[in-house]
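Visitor: File model.txt follows (compact mmCIF, C-alpha atoms and all ligand atoms):
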```txt
# COMPACT_ATOMS: atom_id res chain seq x y z
CA MET A 1 -70.95 -32.14 -144.34
CA PRO A 2 -73.52 -33.77 -146.59
CA SER A 3 -76.01 -36.04 -144.95
CA LEU A 4 -74.42 -39.25 -146.19
CA ALA A 5 -75.99 -41.31 -143.44
CA GLU A 6 -79.31 -40.86 -145.18
CA LEU A 7 -77.84 -42.36 -148.33
CA GLY A 8 -76.45 -45.51 -146.84
CA HIS A 9 -72.94 -44.31 -146.20
CA GLY A 10 -70.33 -46.49 -147.83
CA GLU A 11 -72.52 -48.05 -150.49
CA GLY A 12 -71.41 -45.75 -153.28
CA GLN A 13 -68.92 -46.79 -155.95
CA LEU A 14 -65.26 -45.86 -155.98
CA PRO A 15 -64.69 -43.38 -158.79
CA SER A 16 -62.55 -43.97 -161.83
CA VAL A 17 -60.90 -40.69 -162.83
CA HIS A 18 -58.53 -39.51 -165.54
CA ASP A 19 -54.92 -39.26 -164.36
CA VAL A 20 -52.75 -36.79 -166.28
CA ARG A 21 -49.45 -38.57 -165.68
CA THR A 22 -50.51 -41.93 -167.13
CA ASP A 23 -53.17 -40.41 -169.41
CA ALA A 24 -55.44 -43.22 -168.25
CA ARG A 25 -58.38 -43.91 -166.01
CA VAL A 26 -57.54 -45.04 -162.52
CA VAL A 27 -59.85 -46.18 -159.73
CA LEU A 28 -59.03 -44.25 -156.56
CA PRO A 29 -58.11 -44.69 -153.83
CA ASP A 30 -56.34 -48.07 -153.78
CA GLY A 31 -56.85 -48.36 -150.01
CA PRO A 32 -59.27 -47.22 -147.30
CA VAL A 33 -57.99 -43.63 -147.22
CA ALA A 34 -57.98 -40.99 -149.94
CA SER A 35 -55.70 -38.02 -149.47
CA MET A 36 -55.84 -35.03 -151.77
CA TYR A 37 -53.71 -31.94 -152.04
CA THR A 38 -55.26 -29.13 -154.04
CA CYS A 39 -53.25 -26.14 -155.18
CA GLY A 40 -54.97 -23.15 -153.66
CA ILE A 41 -55.33 -19.59 -154.83
CA THR A 42 -52.84 -16.77 -154.93
CA PRO A 43 -55.10 -14.40 -153.01
CA TYR A 44 -55.33 -11.39 -155.31
CA ASP A 45 -58.16 -12.19 -157.75
CA ALA A 46 -60.61 -14.23 -155.65
CA THR A 47 -62.88 -15.82 -156.61
CA HIS A 48 -63.57 -16.08 -160.31
CA LEU A 49 -65.54 -18.79 -162.06
CA GLY A 50 -62.35 -20.57 -163.13
CA HIS A 51 -61.42 -21.02 -159.45
CA ALA A 52 -64.95 -22.10 -158.58
CA PHE A 53 -65.03 -24.66 -161.42
CA THR A 54 -61.71 -26.18 -160.31
CA TYR A 55 -62.61 -26.43 -156.63
CA LEU A 56 -66.08 -27.73 -157.45
CA ALA A 57 -64.53 -30.57 -159.47
CA PHE A 58 -62.50 -31.72 -156.47
CA ASP A 59 -65.46 -31.13 -154.16
CA THR A 60 -67.40 -33.60 -156.30
CA LEU A 61 -64.57 -36.12 -156.01
CA THR A 62 -64.57 -35.68 -152.22
CA ARG A 63 -68.34 -36.24 -152.07
CA VAL A 64 -68.12 -39.39 -154.20
CA TRP A 65 -65.35 -40.74 -151.97
CA LEU A 66 -67.37 -40.01 -148.81
CA ASP A 67 -70.38 -41.76 -150.31
CA ALA A 68 -68.16 -44.79 -151.03
CA GLY A 69 -67.19 -44.96 -147.35
CA VAL A 70 -63.64 -43.77 -147.93
CA GLU A 71 -61.83 -41.82 -145.23
CA VAL A 72 -60.90 -38.52 -146.91
CA ARG A 73 -58.04 -36.22 -145.90
CA THR A 74 -57.59 -32.96 -147.74
CA ALA A 75 -55.08 -30.14 -147.66
CA MET A 76 -54.72 -26.94 -149.61
CA ASN A 77 -52.34 -24.02 -149.60
CA SER A 78 -52.80 -20.33 -150.05
CA THR A 79 -49.91 -18.73 -151.95
CA ASP A 80 -50.03 -15.65 -149.77
CA VAL A 81 -46.61 -14.33 -150.79
CA ASP A 82 -45.96 -14.36 -154.54
CA ASP A 83 -45.05 -12.01 -157.38
CA PRO A 84 -48.57 -11.32 -158.75
CA LEU A 85 -49.87 -10.59 -155.25
CA LEU A 86 -46.95 -8.26 -154.46
CA GLU A 87 -47.30 -6.49 -157.83
CA ARG A 88 -51.02 -5.97 -157.27
CA ALA A 89 -50.46 -4.66 -153.74
CA ALA A 90 -47.75 -2.25 -154.96
CA ARG A 91 -49.91 -1.02 -157.84
CA ASP A 92 -52.91 -0.39 -155.56
CA GLY A 93 -50.80 1.05 -152.74
CA VAL A 94 -51.99 -1.50 -150.17
CA ASP A 95 -50.04 -3.73 -147.82
CA TRP A 96 -49.59 -7.18 -149.40
CA ARG A 97 -50.57 -8.92 -146.15
CA ARG A 98 -53.81 -6.94 -145.97
CA LEU A 99 -54.61 -7.71 -149.62
CA ALA A 100 -53.94 -11.42 -149.05
CA GLU A 101 -56.13 -11.48 -145.93
CA GLN A 102 -59.04 -9.73 -147.65
CA GLN A 103 -58.88 -11.98 -150.67
CA GLN A 104 -58.59 -15.13 -148.57
CA GLU A 105 -61.68 -14.09 -146.61
CA LEU A 106 -63.58 -13.43 -149.83
CA TYR A 107 -62.52 -16.81 -151.17
CA ARG A 108 -63.69 -18.53 -147.98
CA GLN A 109 -67.09 -16.81 -148.17
CA ASP A 110 -67.55 -17.68 -151.84
CA MET A 111 -66.65 -21.33 -151.28
CA ALA A 112 -69.05 -21.53 -148.32
CA ALA A 113 -71.85 -19.97 -150.39
CA LEU A 114 -71.27 -22.57 -153.09
CA ARG A 115 -71.21 -25.33 -150.44
CA ILE A 116 -67.76 -26.46 -151.48
CA LEU A 117 -66.46 -28.53 -148.58
CA PRO A 118 -63.49 -26.81 -146.94
CA PRO A 119 -60.14 -28.62 -146.86
CA ASP A 120 -59.25 -30.27 -143.56
CA ARG A 121 -56.05 -28.23 -143.57
CA TRP A 122 -55.74 -24.83 -145.23
CA ILE A 123 -52.16 -23.63 -144.92
CA ALA A 124 -50.82 -20.23 -145.89
CA VAL A 125 -47.29 -20.33 -147.27
CA THR A 126 -46.20 -17.65 -144.78
CA GLU A 127 -47.02 -20.12 -141.98
CA ARG A 128 -44.48 -22.60 -143.36
CA ILE A 129 -41.41 -20.56 -144.28
CA ALA A 130 -39.06 -22.48 -141.94
CA PRO A 131 -39.83 -26.03 -143.16
CA ILE A 132 -39.74 -24.85 -146.77
CA ALA A 133 -36.30 -23.28 -146.21
CA GLN A 134 -35.13 -26.51 -144.57
CA ALA A 135 -36.22 -28.47 -147.64
CA VAL A 136 -34.29 -26.07 -149.87
CA GLN A 137 -31.26 -26.53 -147.64
CA ARG A 138 -31.57 -30.29 -148.03
CA LEU A 139 -31.78 -30.01 -151.82
CA LEU A 140 -28.54 -27.99 -151.76
CA GLU A 141 -26.91 -30.71 -149.66
CA THR A 142 -27.99 -33.52 -152.00
CA GLY A 143 -26.78 -31.59 -155.04
CA ASP A 144 -30.31 -31.20 -156.42
CA ALA A 145 -30.11 -27.44 -156.09
CA TYR A 146 -27.52 -24.77 -156.77
CA ARG A 147 -26.92 -21.14 -155.93
CA LEU A 148 -26.93 -18.39 -158.50
CA PRO A 149 -25.79 -14.81 -157.87
CA ALA A 150 -28.63 -12.30 -157.83
CA PRO A 151 -27.08 -8.92 -158.69
CA ASP A 152 -30.30 -7.04 -157.84
CA ALA A 153 -30.63 -8.68 -154.40
CA GLU A 154 -29.99 -6.92 -151.09
CA GLY A 155 -26.29 -7.15 -150.27
CA GLY A 156 -25.48 -9.31 -153.31
CA GLY A 157 -27.49 -12.34 -152.17
CA GLU A 158 -27.86 -15.57 -154.04
CA ASP A 159 -31.00 -17.31 -155.29
CA VAL A 160 -31.31 -21.08 -155.07
CA LEU A 161 -32.48 -22.99 -158.13
CA PHE A 162 -33.56 -26.57 -158.68
CA ASP A 163 -31.34 -28.54 -161.05
CA THR A 164 -33.62 -30.17 -163.63
CA THR A 165 -30.69 -31.65 -165.56
CA ARG A 166 -30.08 -34.32 -162.91
CA GLU A 167 -31.05 -37.89 -163.75
CA ARG A 168 -34.14 -38.83 -161.74
CA ALA A 169 -36.84 -41.47 -161.68
CA PHE A 170 -38.95 -39.49 -164.17
CA ARG A 171 -37.97 -37.54 -167.26
CA MET A 172 -38.81 -33.83 -167.04
CA GLY A 173 -42.21 -33.30 -168.66
CA ALA A 174 -43.33 -36.90 -168.22
CA GLY A 175 -45.68 -36.07 -165.36
CA SER A 176 -47.53 -33.42 -167.33
CA ARG A 177 -47.10 -34.94 -170.81
CA THR A 178 -45.38 -31.78 -171.96
CA ASP A 179 -42.72 -31.74 -174.70
CA GLU A 180 -39.51 -29.68 -174.80
CA ALA A 181 -40.86 -26.73 -176.77
CA GLU A 182 -43.98 -26.46 -174.65
CA MET A 183 -41.98 -26.69 -171.41
CA LEU A 184 -39.82 -23.78 -172.51
CA GLU A 185 -42.83 -21.72 -173.53
CA LEU A 186 -44.67 -22.39 -170.26
CA THR A 187 -41.55 -21.67 -168.20
CA ARG A 188 -41.43 -18.24 -169.82
CA GLU A 189 -45.17 -17.66 -169.40
CA PHE A 190 -45.08 -18.52 -165.68
CA GLY A 191 -42.16 -16.26 -164.81
CA GLY A 192 -39.47 -18.98 -164.85
CA ASP A 193 -36.91 -16.68 -166.47
CA PRO A 194 -35.48 -19.26 -168.93
CA ASP A 195 -32.87 -16.85 -170.35
CA ARG A 196 -31.25 -16.02 -167.02
CA PRO A 197 -27.45 -16.37 -167.33
CA GLY A 198 -25.87 -19.15 -165.29
CA LYS A 199 -28.85 -21.52 -165.26
CA ARG A 200 -27.93 -25.15 -165.84
CA SER A 201 -31.15 -25.58 -167.80
CA PRO A 202 -33.59 -22.87 -168.94
CA LEU A 203 -36.28 -24.91 -167.13
CA ASP A 204 -34.64 -24.77 -163.68
CA PRO A 205 -37.16 -23.21 -161.29
CA LEU A 206 -36.52 -20.98 -158.32
CA LEU A 207 -36.48 -22.66 -154.92
CA TRP A 208 -35.50 -19.63 -152.87
CA ARG A 209 -35.46 -15.98 -153.89
CA ALA A 210 -32.88 -13.82 -152.11
CA GLU A 211 -34.32 -10.62 -150.67
CA ARG A 212 -34.90 -7.83 -153.20
CA PRO A 213 -35.37 -4.21 -152.13
CA GLY A 214 -38.92 -3.61 -150.97
CA GLU A 215 -39.92 -7.28 -151.04
CA PRO A 216 -40.89 -9.39 -148.04
CA ALA A 217 -38.13 -11.67 -146.77
CA TRP A 218 -37.40 -14.05 -143.93
CA ASP A 219 -34.13 -15.12 -142.33
CA SER A 220 -33.33 -18.76 -143.04
CA PRO A 221 -30.45 -21.25 -143.25
CA VAL A 222 -30.31 -20.66 -147.02
CA GLY A 223 -30.14 -16.90 -146.66
CA ARG A 224 -32.62 -14.08 -146.23
CA GLY A 225 -35.40 -14.30 -148.79
CA ARG A 226 -38.63 -16.08 -149.64
CA PRO A 227 -39.59 -19.45 -151.10
CA GLY A 228 -40.28 -20.32 -154.72
CA TRP A 229 -43.77 -21.32 -155.77
CA HIS A 230 -43.40 -25.05 -156.52
CA VAL A 231 -41.39 -26.01 -153.45
CA GLU A 232 -44.00 -24.36 -151.23
CA CYS A 233 -46.72 -26.74 -152.39
CA THR A 234 -44.34 -29.71 -152.34
CA VAL A 235 -43.42 -29.19 -148.70
CA ILE A 236 -46.93 -28.35 -147.49
CA ALA A 237 -48.43 -31.39 -149.26
CA MET A 238 -45.76 -33.79 -147.99
CA ASP A 239 -45.95 -32.42 -144.44
CA GLU A 240 -49.73 -32.61 -144.30
CA LEU A 241 -50.45 -35.82 -146.19
CA GLY A 242 -47.18 -37.76 -146.52
CA ALA A 243 -45.97 -38.90 -149.93
CA PRO A 244 -47.20 -40.51 -151.98
CA PHE A 245 -50.70 -39.27 -151.25
CA THR A 246 -53.64 -40.12 -153.51
CA VAL A 247 -54.34 -37.08 -155.69
CA ALA A 248 -52.52 -33.88 -156.58
CA ALA A 249 -55.24 -31.60 -157.86
CA GLY A 250 -55.31 -28.30 -159.67
CA GLY A 251 -56.40 -26.43 -162.75
CA ARG A 252 -54.90 -27.49 -166.08
CA ASP A 253 -52.81 -24.30 -166.23
CA LEU A 254 -50.82 -25.66 -163.27
CA ARG A 255 -49.72 -28.87 -165.02
CA PHE A 256 -46.38 -27.35 -166.05
CA PRO A 257 -44.20 -26.12 -164.50
CA HIS A 258 -46.03 -26.05 -161.16
CA GLN A 259 -47.27 -29.63 -160.67
CA GLU A 260 -44.48 -31.15 -162.71
CA MET A 261 -41.83 -29.52 -160.52
CA GLN A 262 -43.62 -30.60 -157.34
CA GLY A 263 -43.27 -34.21 -158.48
CA HIS A 264 -39.54 -33.79 -159.12
CA HIS A 265 -38.93 -31.83 -155.91
CA ALA A 266 -40.64 -34.55 -153.89
CA ILE A 267 -38.50 -37.31 -155.38
CA ALA A 268 -35.35 -35.26 -154.80
CA LEU A 269 -36.50 -34.87 -151.17
CA GLY A 270 -36.64 -38.66 -150.82
CA ALA A 271 -40.27 -39.52 -151.57
CA PRO A 272 -40.81 -42.56 -153.83
CA LEU A 273 -43.55 -40.63 -155.60
CA PHE A 274 -45.38 -37.35 -154.89
CA SER A 275 -48.92 -38.56 -155.59
CA ARG A 276 -50.60 -41.64 -157.08
CA ALA A 277 -52.48 -39.51 -159.58
CA ARG A 278 -52.56 -35.98 -160.88
CA LEU A 279 -55.91 -34.45 -161.75
CA ASN A 280 -56.36 -31.31 -163.81
CA ALA A 281 -59.62 -29.43 -164.09
CA GLY A 282 -60.45 -27.63 -167.34
CA LEU A 283 -60.13 -23.88 -167.79
CA VAL A 284 -62.99 -21.42 -168.06
CA ALA A 285 -62.85 -18.74 -170.73
CA PHE A 286 -64.90 -15.58 -171.01
CA GLU A 287 -65.20 -13.36 -174.06
CA GLY A 288 -62.92 -15.66 -176.00
CA GLU A 289 -59.98 -15.77 -173.57
CA LYS A 290 -58.96 -17.75 -170.49
CA MET A 291 -60.35 -15.95 -167.44
CA SER A 292 -57.53 -14.03 -165.77
CA LYS A 293 -56.97 -10.87 -163.84
CA SER A 294 -54.29 -9.69 -166.25
CA LEU A 295 -56.75 -9.87 -169.17
CA GLY A 296 -59.45 -8.13 -167.13
CA ASN A 297 -62.13 -10.67 -168.09
CA LEU A 298 -62.91 -12.10 -164.67
CA VAL A 299 -66.41 -13.14 -163.73
CA LEU A 300 -66.43 -13.11 -159.95
CA VAL A 301 -68.58 -15.45 -157.90
CA SER A 302 -69.29 -12.66 -155.42
CA ALA A 303 -70.52 -10.34 -158.20
CA LEU A 304 -72.94 -12.95 -159.56
CA LEU A 305 -74.30 -13.64 -156.08
CA ARG A 306 -74.67 -9.93 -155.35
CA ALA A 307 -76.62 -9.60 -158.59
CA GLY A 308 -79.11 -12.13 -157.26
CA ALA A 309 -77.93 -15.50 -158.53
CA ARG A 310 -78.82 -18.31 -156.18
CA PRO A 311 -75.62 -20.12 -155.15
CA ALA A 312 -77.25 -23.48 -155.93
CA ALA A 313 -78.01 -22.28 -159.47
CA LEU A 314 -74.43 -21.17 -159.96
CA ARG A 315 -73.33 -24.57 -158.75
CA LEU A 316 -75.65 -26.23 -161.27
CA ALA A 317 -74.34 -23.98 -164.05
CA LEU A 318 -70.78 -25.12 -163.33
CA LEU A 319 -71.71 -28.79 -162.82
CA ALA A 320 -73.33 -28.74 -166.28
CA HIS A 321 -69.78 -28.84 -167.70
CA HIS A 322 -67.51 -31.86 -167.48
CA TRP A 323 -64.70 -31.14 -165.01
CA ARG A 324 -61.94 -31.88 -167.52
CA ASP A 325 -63.35 -29.74 -170.36
CA ASP A 326 -62.17 -26.27 -171.23
CA TRP A 327 -65.25 -24.16 -171.84
CA GLU A 328 -66.48 -20.61 -172.19
CA TRP A 329 -68.90 -18.92 -169.80
CA PHE A 330 -71.98 -17.32 -171.30
CA PRO A 331 -74.35 -15.48 -168.96
CA HIS A 332 -77.39 -17.33 -170.37
CA GLU A 333 -76.05 -20.51 -168.73
CA LEU A 334 -76.88 -19.09 -165.34
CA GLU A 335 -80.48 -18.43 -166.38
CA GLU A 336 -80.76 -22.01 -167.67
CA ALA A 337 -79.42 -23.29 -164.35
CA GLU A 338 -81.93 -21.13 -162.42
CA ARG A 339 -84.74 -22.71 -164.46
CA ARG A 340 -83.38 -26.21 -163.83
CA LEU A 341 -83.21 -25.42 -160.12
CA ASP A 342 -86.84 -24.21 -160.23
CA ARG A 343 -87.91 -27.53 -161.80
CA TRP A 344 -86.04 -29.54 -159.18
CA LEU A 345 -87.48 -27.43 -156.35
CA ALA A 346 -91.04 -27.75 -157.64
CA TRP A 347 -90.57 -31.52 -157.80
CA SER A 348 -89.08 -31.73 -154.30
CA VAL A 349 -91.92 -29.99 -152.47
CA THR A 350 -94.45 -32.72 -153.19
CA PRO A 351 -92.88 -35.88 -151.80
CA ASP A 352 -94.51 -39.20 -152.43
CA ASP A 353 -95.63 -41.08 -149.34
CA ASP A 354 -96.55 -44.29 -151.15
CA PRO A 355 -94.01 -46.91 -149.97
CA SER A 356 -94.63 -48.99 -153.10
CA HIS A 357 -92.76 -46.31 -155.05
CA ALA A 358 -89.31 -47.49 -153.99
CA ASP A 359 -87.55 -45.91 -156.96
CA SER A 360 -84.86 -43.28 -156.42
CA VAL A 361 -82.24 -41.38 -158.40
CA VAL A 362 -79.46 -42.61 -156.09
CA PRO A 363 -78.09 -45.43 -158.33
CA TRP A 364 -78.11 -43.08 -161.34
CA LEU A 365 -76.11 -40.46 -159.50
CA ARG A 366 -73.63 -43.04 -158.24
CA VAL A 367 -73.07 -44.58 -161.67
CA THR A 368 -72.63 -41.30 -163.53
CA LEU A 369 -70.34 -39.72 -160.93
CA ALA A 370 -68.17 -42.83 -160.52
CA ASP A 371 -67.59 -42.59 -164.29
CA ASP A 372 -64.90 -39.86 -164.20
CA LEU A 373 -67.16 -37.51 -162.22
CA ASN A 374 -69.56 -37.08 -165.10
CA THR A 375 -71.64 -34.29 -163.57
CA PRO A 376 -73.40 -33.29 -166.84
CA ALA A 377 -74.74 -36.86 -167.07
CA ALA A 378 -75.67 -36.76 -163.38
CA LEU A 379 -77.73 -33.59 -163.87
CA GLN A 380 -79.45 -35.15 -166.87
CA ALA A 381 -80.17 -38.25 -164.80
CA VAL A 382 -81.93 -36.08 -162.21
CA ASP A 383 -83.85 -34.25 -164.96
CA ALA A 384 -85.03 -37.57 -166.39
CA PHE A 385 -85.89 -38.96 -162.98
CA ILE A 386 -87.99 -36.03 -161.81
CA ALA A 387 -89.87 -36.06 -165.10
CA ARG A 388 -91.15 -39.59 -164.42
CA ALA A 389 -91.12 -40.14 -160.64
CA PRO A 390 -92.47 -38.33 -157.58
CA ALA A 391 -90.05 -36.89 -155.05
CA ASP A 392 -88.60 -39.26 -152.45
CA GLU A 393 -86.40 -38.61 -149.45
CA ALA A 394 -83.49 -40.77 -150.68
CA SER A 395 -83.24 -38.85 -153.95
CA ILE A 396 -83.40 -35.48 -152.21
CA ALA A 397 -80.65 -36.58 -149.79
CA ALA A 398 -78.48 -37.86 -152.66
CA ILE A 399 -78.85 -34.63 -154.62
CA ASP A 400 -77.65 -32.86 -151.48
CA ALA A 401 -74.81 -35.24 -150.61
CA LEU A 402 -73.43 -35.89 -154.10
CA LEU A 403 -74.27 -32.74 -156.04
CA GLY A 404 -74.22 -30.31 -153.11
CA ILE A 405 -77.72 -29.02 -153.88
CA ASP A 406 -79.85 -29.00 -150.74
CA LEU A 407 -83.36 -28.64 -152.14
CA ARG A 408 -84.73 -28.35 -148.60
CA SER A 409 -82.96 -25.03 -148.05
CA VAL A 410 -82.80 -23.45 -151.52
CA PRO A 411 -85.04 -20.38 -151.71
CA ALA A 412 -87.67 -20.08 -154.41
CA ARG A 413 -87.15 -17.22 -156.85
ZN ZN B 1 -49.56 -25.50 -155.80
```
Represent the structure of the file as structure tokens.
Ligand SMILES: [Zn+2]
Guide:
Amino acid sequence: MPSLAELGHGEGQLPSVHDVRTDARVVLPDGPVASMYTCGITPYDATHLGHAFTYLAFDTLTRVWLDAGVEVRTAMNSTDVDDPLLERAARDGVDWRRLAEQQQELYRQDMAALRILPPDRWIAVTERIAPIAQAVQRLLETGDAYRLPAPDAEGGGEDVLFDTTRERAFRMGAGSRTDEAEMLELTREFGGDPDRPGKRSPLDPLLWRAERPGEPAWDSPVGRGRPGWHVECTVIAMDELGAPFTVAAGGRDLRFPHQEMQGHHAIALGAPLFSRARLNAGLVAFEGEKMSKSLGNLVLVSALLRAGARPAALRLALLAHHWRDDWEWFPHELEEAERRLDRWLAWSVTPDDDPSHADSVVPWLRVTLADDLNTPAALQAVDAFIARAPADEASIAAIDALLGIDLRSVPAR
């Protein structure tokens, strides 16, 4: 944990952040506790810069909350049984469990190297099959879900789908500000099978997938099979944090259908609201396209570190972009971040002992970060500060606690 005691724990400002659902700034939390659920990885392409950028955004939010004296509770899932993971395992001839374990371990190492604070609770979907199946059962009982024959399933099983045509507290798409045409397009893109015969709406997502030959499956009250993607996160978040919790967090590509459906599932399961706010981090492109395994344009954190990048420099390279922006990675950005880190390090090694120099960068960091986590402005504030003032312990501690850069332990190049 960052050394917040050195900063004057609790004196920081509560952050105002952009909420996707209301498309407005909101100061969070509205009480003494902040709870955040972050959609975790599907462990088959860990950990590319897009992942790192997303988790760094919510790490910054956590650090700002801690500095403001807020009690923070965080939970995250790992989608350790899912189509892309199973397809990758089948293609490479490896056991899907083994692939998931390896990738989860790699993810954990990369996050630790980047000093991204781990969630309090990190839950693999396969640890929660029973409660997820119970939630699906309940949705069938309330009429929020329906069964659909799955001709390719083992023994003629039935899938369970969520009925999006039912009248609920929120119109479909409202939570992600997505219109009809875009919802249909994204449903198709994310494997939602909009043209499947028998669906009440093309948008209806899968809650439970009956066992298919060669696929993992579990016995459950709703039949032998495995859970759908959105209901997994809904159940894990509600079980770990209660609903409504403060922030549902994820990359912008998750806004529909994934986060949208979580909100609707939660209400159908009896919650007044899933989360107070929904935060979406921007997407990172490389060579002109969104970074993704299927496009083969991943830049992996582990590869950059192996090639000699200092983790703190990589962190600075990512923090140089606003968390809500979509942007493209260019390798020269890492070199610029290494140079910035060198400047900060050189400044930090000659602290000023003169007590009359009471100035520090702390208020500048607090103001910029409370303003929708404006990390680019925070880095510029440090640049400006070190250009005019000698190093002081409070500034060094704040750069550690709020930006996650511990200048006392970063190696020189
Ligand atoms: Zn999720």
Visitor: Could you tell me how far atom CA of Val367 of chain A lies from atom CA of Leu316 of chain A, in Å and to one decimal?
Guide: 18.5 Å
Visitor: Could the residues of chain A that have an atom at most 8 Å from ligand ZN 1 (chain B) be listed as a Markdown table, each with its closest atom pair and the distance in Å to one decimal, counting only C-alpha atoms and all ligand atoms and ordered by chain and ascending residue number?
Guide:
```
| residue | atom | partner | partner_atom | distance |
| --- | --- | --- | --- | --- |
| A:Thr38 | CA | B:ZN1 | ZN | 7.0 |
| A:Cys39 | CA | B:ZN1 | ZN | 3.8 |
| A:Gly40 | CA | B:ZN1 | ZN | 6.3 |
| A:Asn77 | CA | B:ZN1 | ZN | 7.0 |
| A:Thr79 | CA | B:ZN1 | ZN | 7.8 |
| A:Trp229 | CA | B:ZN1 | ZN | 7.1 |
| A:His230 | CA | B:ZN1 | ZN | 6.2 |
| A:Glu232 | CA | B:ZN1 | ZN | 7.3 |
| A:Cys233 | CA | B:ZN1 | ZN | 4.6 |
| A:Thr234 | CA | B:ZN1 | ZN | 7.5 |
| A:Gly250 | CA | B:ZN1 | ZN | 7.5 |
| A:Leu254 | CA | B:ZN1 | ZN | 7.6 |
| A:His258 | CA | B:ZN1 | ZN | 6.4 |
| A:Gln259 | CA | B:ZN1 | ZN | 6.8 |
| A:Gln262 | CA | B:ZN1 | ZN | 8.0 |
```
Visitor: Could you check the closest approach to Leu14 of chain A for each of A:Ala370, A:Val222, A:Asp204, A:Gly263 and tell me which residue wins, using all atoms listed in the file?
Guide: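 Of A:Ala370, A:Val222, A:Asp204, A:Gly263, the one nearest Leu14 of chain A, counting all atoms listed in the file, is A:Ala370.
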Visitor: Which residue out of A:Asp193, A:Glu287, A:Thr178, A:Asp152 has the minimum interatomic distance to Ala210 of chain A when all atoms listed in the file are used?
Guide: A:Asp152
Visitor: For Ser360 of chain A, please output as a PyMOL selection string all residues within 12 Å (counting all atoms listed in the file; exclusion window: fewer than 3 positions along the same chain).
Guide: chain A and resi 7+351-352+355-357+363-366+381-382+384-386+388-399
Visitor: Using all atoms listed in the file, what does the table of segment 161-258 of chain A residues within 12 Å of segment 53-74 of chain A look like, with each row giving the shortest atom pair and its distance in Å to one decimal, sorted by chain and ascending number, as a tab-separated table?
Guide:
```
residue	atom	partner	partner_atom	distance
A:Ile236	CA	A:Thr74	CA	11.6
A:Ala237	CA	A:Thr74	CA	9.4
A:Met238	CA	A:Thr74	CA	11.9
A:Glu240	CA	A:Thr74	CA	8.6
A:Leu241	CA	A:Arg73	CA	7.6
A:Gly242	CA	A:Arg73	CA	11.0
A:Phe245	CA	A:Arg73	CA	9.6
A:Thr246	CA	A:Arg73	CA	9.6
A:Val247	CA	A:Thr74	CA	9.5
A:Ala248	CA	A:Phe58	CA	10.2
A:Ala249	CA	A:Phe58	CA	7.4
A:Gly250	CA	A:Thr54	CA	6.8
A:Gly251	CA	A:Thr54	CA	5.8
A:Arg252	CA	A:Thr54	CA	9.0
A:Asp253	CA	A:Thr54	CA	10.9
A:Leu254	CA	A:Thr54	CA	11.3
```
Visitor: Could you check the closest approach to Leu114 of chain A for each of A:Arg128, A:His321, A:His51, A:Arg209 and tell me which residue wins, using only C-alpha atoms?
Guide: A:His51
Visitor: Which is closer to Ser275 of chain A than all the others in A:Glu182, A:Glu189, A:Glu260, A:Asp195, using only C-alpha atoms?
Guide: A:Glu260
Visitor: Which is closer to Thr42 of chain A than all the others in A:Thr126, A:Thr22, A:Pro84, A:Met261, using all atoms listed in the file?
Guide: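 The closest residue to Thr42 of chain A is A:Pro84.
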Visitor: Using only C-alpha atoms, which residues sit within 8 Å of segment 290-303 of chain A once same-chain residues fewer than 5 positions away are excluded, as an MDAnalysis selection string?
Guide: chainID A and resid 45:50 52 110 283:285
Visitor: So which residues touch Leu369 of chain A within 8 Å, counting all atoms listed in the file, skipping near sequence neighbours fewer than 4 positions away, as a list in words?
Guide: Pro15, Val64, Leu365, Leu373, Asn374, Thr375 and Ala378 of chain A
Visitor: Ranking A:Glu336, A:Glu211, A:Asp144, A:Glu127 by minimum distance to Asp159 of chain A and counting all atoms listed in the file, which one comes first?
Guide: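 The shortest atom-to-atom distance to Asp159 of chain A comes from A:Glu211.
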Visitor: To box segment 80-94 of chain A, take all atoms listed in the file, fit an axis-aligned box, add 6 Å on each side, and give centre and edge lengths in Å to one decimal, as lines of an AutoDock Vina configuration file.
Guide:
```
center_x = -49.0
center_y = -7.3
center_z = -154.3
size_x = 19.9
size_y = 28.7
size_z = 21.0
```
Visitor: Applying 7 Å and all atoms listed in the file, which residues near Trp208 of chain A remain after dropping the ones on its own chain fewer than 5 positions away? List them as a list of chain:residue names.
Guide: A:Asp159, A:Val160, A:Leu161, A:Gly225, A:Arg226, A:Pro227, A:Gly228
Visitor: In Å, with one decimal, what is the gap from atom CA of Ser78 of chain A to atom CA of Pro119 of chain A?
Guide: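 We find that atom CA of Ser78 of chain A and atom CA of Pro119 of chain A lie 11.5 Å from each other.
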Visitor: Select, counting only C-alpha atoms, all protein, DNA and RNA residues no farther than 6 Å from (-76.4, -22.1, -151.2) in file coordinates, and express the selection as a list in words.
Guide: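 The residues near that point, listed by chain and number, are Ala113, Leu114, Pro311 and Ala312 of chain A.
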Visitor: How many Å separate atom CA of Arg340 of chain A from atom CA of Leu279 of chain A?
Guide: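 So the answer is 28.8 Å.
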Visitor: Name all residues at most 12 Å from Phe162 of chain A (count all atoms listed in the file; drop same-chain ones fewer than 5 positions away) and give them as a PyMOL selection string.
Guide: chain A and resi 135-148+192+199-209+228-231+261-262+264-266+268-269
